[in-house]
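K.L.:
What follows is a structure written as structure tokens; I'll ask about it next.
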Amino acid sequence: MENIKEPVKNDIEISIENVSMTYQADNGTDVKALTDINLQVKKGEFVALLGPSGCGKSTLLNIIADLLHPTEGNVIVGGTTPKDARLKQRYGIVFQRPVLFDWRTVQKNVELPLEIMKWKKEDRRERSTKMLGLVNLSDFANHYPQQLSGGMQQRVGIARALAINPEILLMDEPFSALDEFTKEKLHEDILRIWRKTHKTVVFVTHNIQEAVYLSDKIVVLSPHPGRVSAIIDVNETLPRPRVPEMKTDVAFNQLVLKVRNSFEEV
Ligand code: ADP
Ligand code: MG
């Protein structure tokens with residue numbers, strides 16, 4: 001008899017298996033940044049990596065991005081290695097500061113990754129115009145970065161990260177340097193963009209309210225050494241769509257407290 005297997009619908013985008021990371025510091029001592037991390041991110045999911053400074057959030061994000069290699073364990077991205085995923089342009093990365101080129105217009109900054117990929121001029125223009133529309137910066141295409149506020153510059157960084165149409169958006173404390181008012185606006189922007197583009201998002205933050213407001217799932221990381229101390233499903237308590245009024249809800253604040261209490265003491 002023929003052995004026909006049912007196709008398995010694999011909706012896992014990122015799988016992190018027993019990952020540990022030890023840095024060799026200059027003075028020869030070892031710094032154990034992450035220990036035995038296990039974590040799965042589904043396609044289209046918005047996952048927050050939450051924890052205090054030094055708990056290994058950036059290390060974990062950089063391992064997913066193939067900017068660092070773990071000392072132990074495995075990472076699988078869409079059935080392949082992080083390196084393959086990077087080479088196939090499956091990642092868009094947004095850092096705390098957008099690192100824009102001052103001498104290039106906003107539009108030319110967004111086009112940079114497309115230039116590197118040797119896209120034709122008209123295609124670059126069409127794509128960057130669309131991305132600037134997505135982040136509500138159409139009117140600023142011909143401005144230069146220094147003419148823009150910090151929040152607008154970060155939106156250029158998001159447009160640039162999305163220009164190559166990656167499946168996965170990796171964000172490392174993208175709003176930490178912004179004031180509270182700007183940050184709240186960017187929260188609405190990122191939720192709208194996520195709804196529209198169906199990206200898988202891994203979002204690093206040290207801000208509990210931000211993690212609760214934005215994500216489907218919060219991975220709570222405790223430090224020394226960095227480890228997963230809880231994984232909390234947000235949608236159970238706080239359904240989509242999220243709206244700013246929710247931030248004052250009892251349910252929202254109870255969840256913030258629950259997340260806070262899930263940190264392990266050092
Ligand atoms: P987070 O992003 O949560 O603030 P990091 O991932 O940057 O944390 O760092 C986790 C730990 O690893 C910290 O103790 C940090 O000092 C250490 N670390 C990070 N990068 C290096 C490095 N290149 N060499 C040695 N130690 C490092
Ligand atoms: Mg960091």
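Residues are referred to by chain and number: the chain letter is A, B, ... according to the order shown in the structure tokens, the number counts from 1 in that chain, and ligands are numbered separately from 1 in the order shown.
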Per residue of chain A within 7 Å of ligand 1, note the shortest atom pair and the distance in Å to one decimal, counting only C-alpha atoms and all ligand atoms, and order the rows by chain and increasing residue number, as a Markdown table.

P.N.:
| residue | atom | partner | partner_atom_place_in_ligand_line | distance |
| --- | --- | --- | --- | --- |
| A:Tyr23 | CA | ligand 1 | 25 (C) | 4.7 |
| A:Gln24 | CA | ligand 1 | 25 (C) | 5.8 |
| A:Ala25 | CA | ligand 1 | 25 (C) | 4.6 |
| A:Val31 | CA | ligand 1 | 26 (N) | 5.6 |
| A:Lys32 | CA | ligand 1 | 12 (O) | 6.7 |
| A:Ala33 | CA | ligand 1 | 12 (O) | 4.2 |
| A:Gly51 | CA | ligand 1 | 3 (O) | 6.3 |
| A:Pro52 | CA | ligand 1 | 3 (O) | 6.1 |
| A:Ser53 | CA | ligand 1 | 4 (O) | 3.7 |
| A:Gly54 | CA | ligand 1 | 8 (O) | 3.5 |
| A:Cys55 | CA | ligand 1 | 3 (O) | 4.0 |
| A:Gly56 | CA | ligand 1 | 6 (O) | 3.2 |
| A:Lys57 | CA | ligand 1 | 3 (O) | 3.8 |
| A:Ser58 | CA | ligand 1 | 2 (O) | 3.7 |
| A:Thr59 | CA | ligand 1 | 6 (O) | 3.7 |
| A:Leu60 | CA | ligand 1 | 6 (O) | 6.6 |

K.L.:
Give me, as a list in words, all polymer residues having an atom no more than 8 Å from range 244-247 of chain A, counting only C-alpha atoms and skipping those fewer than 4 positions away in the same chain.

P.N.:
Tyr213, Phe252 and Asn253 of chain A

K.L.:
Suppose we keep N, CA and C atoms; can you now write the selection as a tab-separated table (two decimals), in the first residue's frame?

P.N.:
chain	number	residue	atom	x	y	z
A	213	TYR	N	0.06	46.14	24.98
A	213	TYR	CA	-0.81	46.80	24.02
A	213	TYR	C	-0.65	46.26	22.60
A	252	PHE	N	-6.67	45.39	31.08
A	252	PHE	CA	-5.34	45.76	30.59
A	252	PHE	C	-4.37	45.86	31.77
A	253	ASN	N	-4.80	46.56	32.80
A	253	ASN	CA	-3.89	46.80	33.91
A	253	ASN	C	-3.65	45.56	34.77

K.L.:
Nearest residue to ligand 2 out of A:Pro174, A:Pro70, A:Gly157, A:Pro98, using only C-alpha atoms and all ligand atoms?

P.N.:
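Once distances to ligand 2 are computed over only C-alpha atoms and all ligand atoms, the minimum belongs to A:Pro174.
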
K.L.:
Using only C-alpha atoms and all ligand atoms, which of the listed residues (A:Leu34, A:Ala48, A:Phe95, A:Lys196) sits closest to ligand 2?

P.N.:
A:Phe95

K.L.:
Quick one: DSSP alpha helix (DSSP H) residues in range 4-249 of chain A, as a compact mmCIF listing (two decimals) with C-alpha atoms, in the first residue's frame?

P.N.:
# COMPACT_ATOMS: atom_id res chain seq x y z
CA LYS A 57 16.78 40.60 24.17
CA SER A 58 19.07 42.07 21.51
CA THR A 59 21.24 38.96 21.59
CA LEU A 60 18.19 36.79 20.86
CA LEU A 61 16.93 39.10 18.11
CA ASN A 62 20.38 39.20 16.52
CA ILE A 63 20.55 35.40 16.61
CA ILE A 64 17.23 35.20 14.74
CA PRO A 82 18.64 32.10 9.71
CA LYS A 83 21.46 32.51 7.17
CA ASP A 84 19.27 31.27 4.31
CA ALA A 85 16.40 33.39 5.51
CA ARG A 86 18.69 36.44 5.56
CA LEU A 87 20.05 35.71 2.09
CA VAL A 106 13.55 60.37 2.58
CA GLN A 107 12.52 58.57 -0.61
CA LYS A 108 16.13 57.78 -1.53
CA ASN A 109 16.69 56.38 1.97
CA VAL A 110 13.76 54.01 1.53
CA GLU A 111 15.10 53.01 -1.89
CA LEU A 112 18.57 52.13 -0.62
CA PRO A 113 17.99 48.39 -0.03
CA LEU A 114 16.33 48.18 -3.46
CA GLU A 115 19.35 49.86 -5.06
CA ILE A 116 21.59 47.29 -3.40
CA LYS A 121 14.71 52.86 -11.16
CA GLU A 122 10.98 52.94 -11.93
CA ASP A 123 10.34 49.87 -9.78
CA ARG A 124 12.29 51.41 -6.90
CA ARG A 125 10.31 54.60 -7.20
CA GLU A 126 6.98 52.77 -7.31
CA ARG A 127 7.82 50.60 -4.29
CA SER A 128 9.24 53.42 -2.15
CA THR A 129 6.24 55.63 -2.97
CA LYS A 130 3.95 52.84 -1.77
CA MET A 131 5.95 52.33 1.44
CA LEU A 132 5.97 56.05 2.22
CA GLY A 133 2.19 56.01 1.81
CA LEU A 134 2.00 53.10 4.24
CA GLY A 150 12.38 61.60 15.62
CA GLY A 151 9.06 59.81 15.17
CA MET A 152 8.99 60.57 11.46
CA GLN A 153 12.58 59.38 11.07
CA GLN A 154 11.65 56.12 12.73
CA ARG A 155 8.74 55.77 10.29
CA VAL A 156 11.23 56.17 7.44
CA GLY A 157 13.21 53.34 9.04
CA ILE A 158 10.08 51.18 9.08
CA ALA A 159 9.31 52.02 5.43
CA ARG A 160 12.88 51.11 4.48
CA ALA A 161 12.70 47.81 6.37
CA LEU A 162 9.45 46.93 4.57
CA ALA A 163 10.68 48.01 1.11
CA GLU A 180 5.40 59.35 25.12
CA PHE A 181 3.10 61.20 22.70
CA THR A 182 5.07 60.20 19.64
CA LYS A 183 5.38 56.65 20.93
CA GLU A 184 1.60 56.34 21.27
CA LYS A 185 1.14 57.50 17.67
CA LEU A 186 3.73 54.99 16.46
CA HIS A 187 1.90 52.23 18.35
CA GLU A 188 -1.18 52.92 16.25
CA ASP A 189 0.95 53.08 13.09
CA ILE A 190 2.67 49.78 13.70
CA LEU A 191 -0.62 48.01 14.50
CA ARG A 192 -2.19 49.39 11.33
CA ILE A 193 0.82 48.37 9.22
CA TRP A 194 0.86 44.91 10.79
CA ARG A 195 -2.86 44.42 10.08
CA LYS A 196 -2.40 45.52 6.50
CA THR A 197 0.79 43.62 5.65
CA ILE A 208 5.47 46.26 29.88
CA GLN A 209 2.52 48.43 28.75
CA GLU A 210 3.91 48.58 25.23
CA ALA A 211 4.31 44.79 25.08
CA VAL A 212 0.76 44.25 26.35
CA TYR A 213 -0.81 46.80 24.02
CA LEU A 214 0.87 45.60 20.83

K.L.:
Measure the distance from CA of Gln254 in chain A to CA of Pro225 in chain A in Å and round it to one decimal.

P.N.:
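So the answer is 27.6 Å.
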
K.L.:
As a PyMOL selection string, please: every residue in range 39-153 of chain A that DSSP puts in strand (DSSP E).

P.N.:
chain A and resi 39-42+46-50+72-77+91-94

K.L.:
Would you export the selected residues with C-alpha atoms as a short mmCIF file (atom, residue, chain, number, x, y, z; two decimals), in the first residue's frame, please?

P.N.:
data_model
loop_
_atom_site.label_atom_id
_atom_site.label_comp_id
_atom_site.auth_asym_id
_atom_site.auth_seq_id
_atom_site.Cartn_x
_atom_site.Cartn_y
_atom_site.Cartn_z
CA LEU A 39 10.30 29.60 21.70
CA GLN A 40 8.07 29.45 18.66
CA VAL A 41 6.63 32.28 16.63
CA LYS A 42 3.72 31.61 14.30
CA PHE A 46 3.14 39.74 16.81
CA VAL A 47 5.47 38.59 19.58
CA ALA A 48 7.14 40.82 22.16
CA LEU A 49 10.46 39.92 23.78
CA LEU A 50 10.17 41.74 27.08
CA GLU A 72 24.32 26.08 21.56
CA GLY A 73 20.98 25.15 20.05
CA ASN A 74 19.16 25.72 16.80
CA VAL A 75 17.06 28.35 15.10
CA ILE A 76 14.79 27.43 12.20
CA VAL A 77 13.13 30.13 10.13
CA TYR A 91 14.01 39.90 7.32
CA GLY A 92 13.33 43.57 7.71
CA ILE A 93 15.11 45.04 10.71
CA VAL A 94 14.32 48.21 12.65
#

K.L.:
Which of these residues is nearest to Ala141 in chain A, using only C-alpha atoms: A:Gln96, A:Ile16, A:Thr105, A:Arg240?

P.N.:
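Looking only at the distances to Ala141 in chain A, the closest residue turns out to be A:Thr105.
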
K.L.:
Considering only C-alpha atoms and all ligand atoms, state which residue in the set A:His206, A:Lys217, A:Arg260, A:Lys118 is at the smallest distance from ligand 2.

P.N.:
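Going through A:His206, A:Lys217, A:Arg260, A:Lys118 one by one, the smallest distance to ligand 2 is for A:His206.
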
K.L.:
Quote the spacing between CA of Ile14 in chain A and CA of Val243 in chain A in Å to one decimal place.

P.N.:
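It comes out at 27.7 Å.
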